[in-house]
Amino acid sequence: MICVRHLYCLMALTLLLPACDQVPPADSLNEGQLFPALRLSGLDRPDTTIDELRGRWVVMNVWASWCGPCREELGSLQQLADTFSGRELIVIGLNVDEDIHVAREFMRDQSISFANYSDPDMFIARQLLGIRAFPDTFVIAPDGTLWRSISGELDWASERVREALRQAIAGRPEALTTL
Amino acid sequence: MRKMMIRQRIFGERTSGLLLLLLCSLVTLPVMAANPEQGAKVYSKNCKNCHGVAGVAQLPGLPDFSRAQGVMKSDNDLLQFVRNGSGMMPAYRGLLSDRDILDVIAYIRTLRR
């Protein structure tokens, strides 16, 4: 009978397994709404919260080392981070690699030095931000309002993008709609 | 008599086990098959904005699925492509299940005119 019970358990598990990845993602964030008060676990620095970053524009990129377009985009984000002082605009990354060591190694290889945080189980990405694809980048105003949500790769080092961000810093955030 | 009972018990357990395995197979197999109808729903939610309603791309440089562009690859190759992204194509690993992606692949294979 023990074997039969085990088989019953096995069958139940077999039936449940396909449902494991079926947790529905949250709805995507809408531009204009307050960005969630995230607690961010440091990948290469201490933990922080989104609230601690208030008072300046935040460009938050969600990426993974296995994601082709994310890898392409990171270099331009580093250039963007180098362009602006952290007082007016800060670039941060949220990495969703399961293995943080892989992410750290990748950052070292690519000389990525802007602040990065880790979301290895994609809880923040899926459940709090409702991300639909990688990479995804959020542009958050100094008061915590989400101004832009950009899905897919963008050349953040281009003059067009930098000018739009300069305009936003100067008090004309409407310029971000051109991104 | 005792030997007979033991034999019956073993036979009974084996039979139950085999029946359970058979049941598992019957329940699991249809779930694993790619479902283009389900794929159409996932496509509509996640892919349509760029790849168009009937697979006719909305952006330049994207394949036209109605002319079978970009789909002359194995399901596994396409699965990896969608999971990890490439160029303009974002990555969906961890956001769409492999089953959802395979359903989408089955769907876009039906778009050829």
# chains A, B, ... in the order shown; residues from 1 in each chain; ligands from 1
$ interface_residues --of "chain A" --to "chain B" --cutoff "6 Å" --atoms "only C-alpha atoms" --output "JSON, numbers by chain"
{"A": [67, 68, 69, 133, 134, 152]}
$ closest_residue --among "A:Arg45, A:Arg71, A:Arg39, A:Arg132" --to "A:Asn116" --atoms "only C-alpha atoms"
A:Arg45
$ atom_distance --atom1 "atom CA of A:Ala175" --atom2 "atom CA of A:Val139"
12.1 Å
$ select_by_dssp --residues "chain A" --states "strand (DSSP E)" --output "ChimeraX atom specification"
/A:39-42,48-49,57-63,89-95,115-118,136-140,146-151
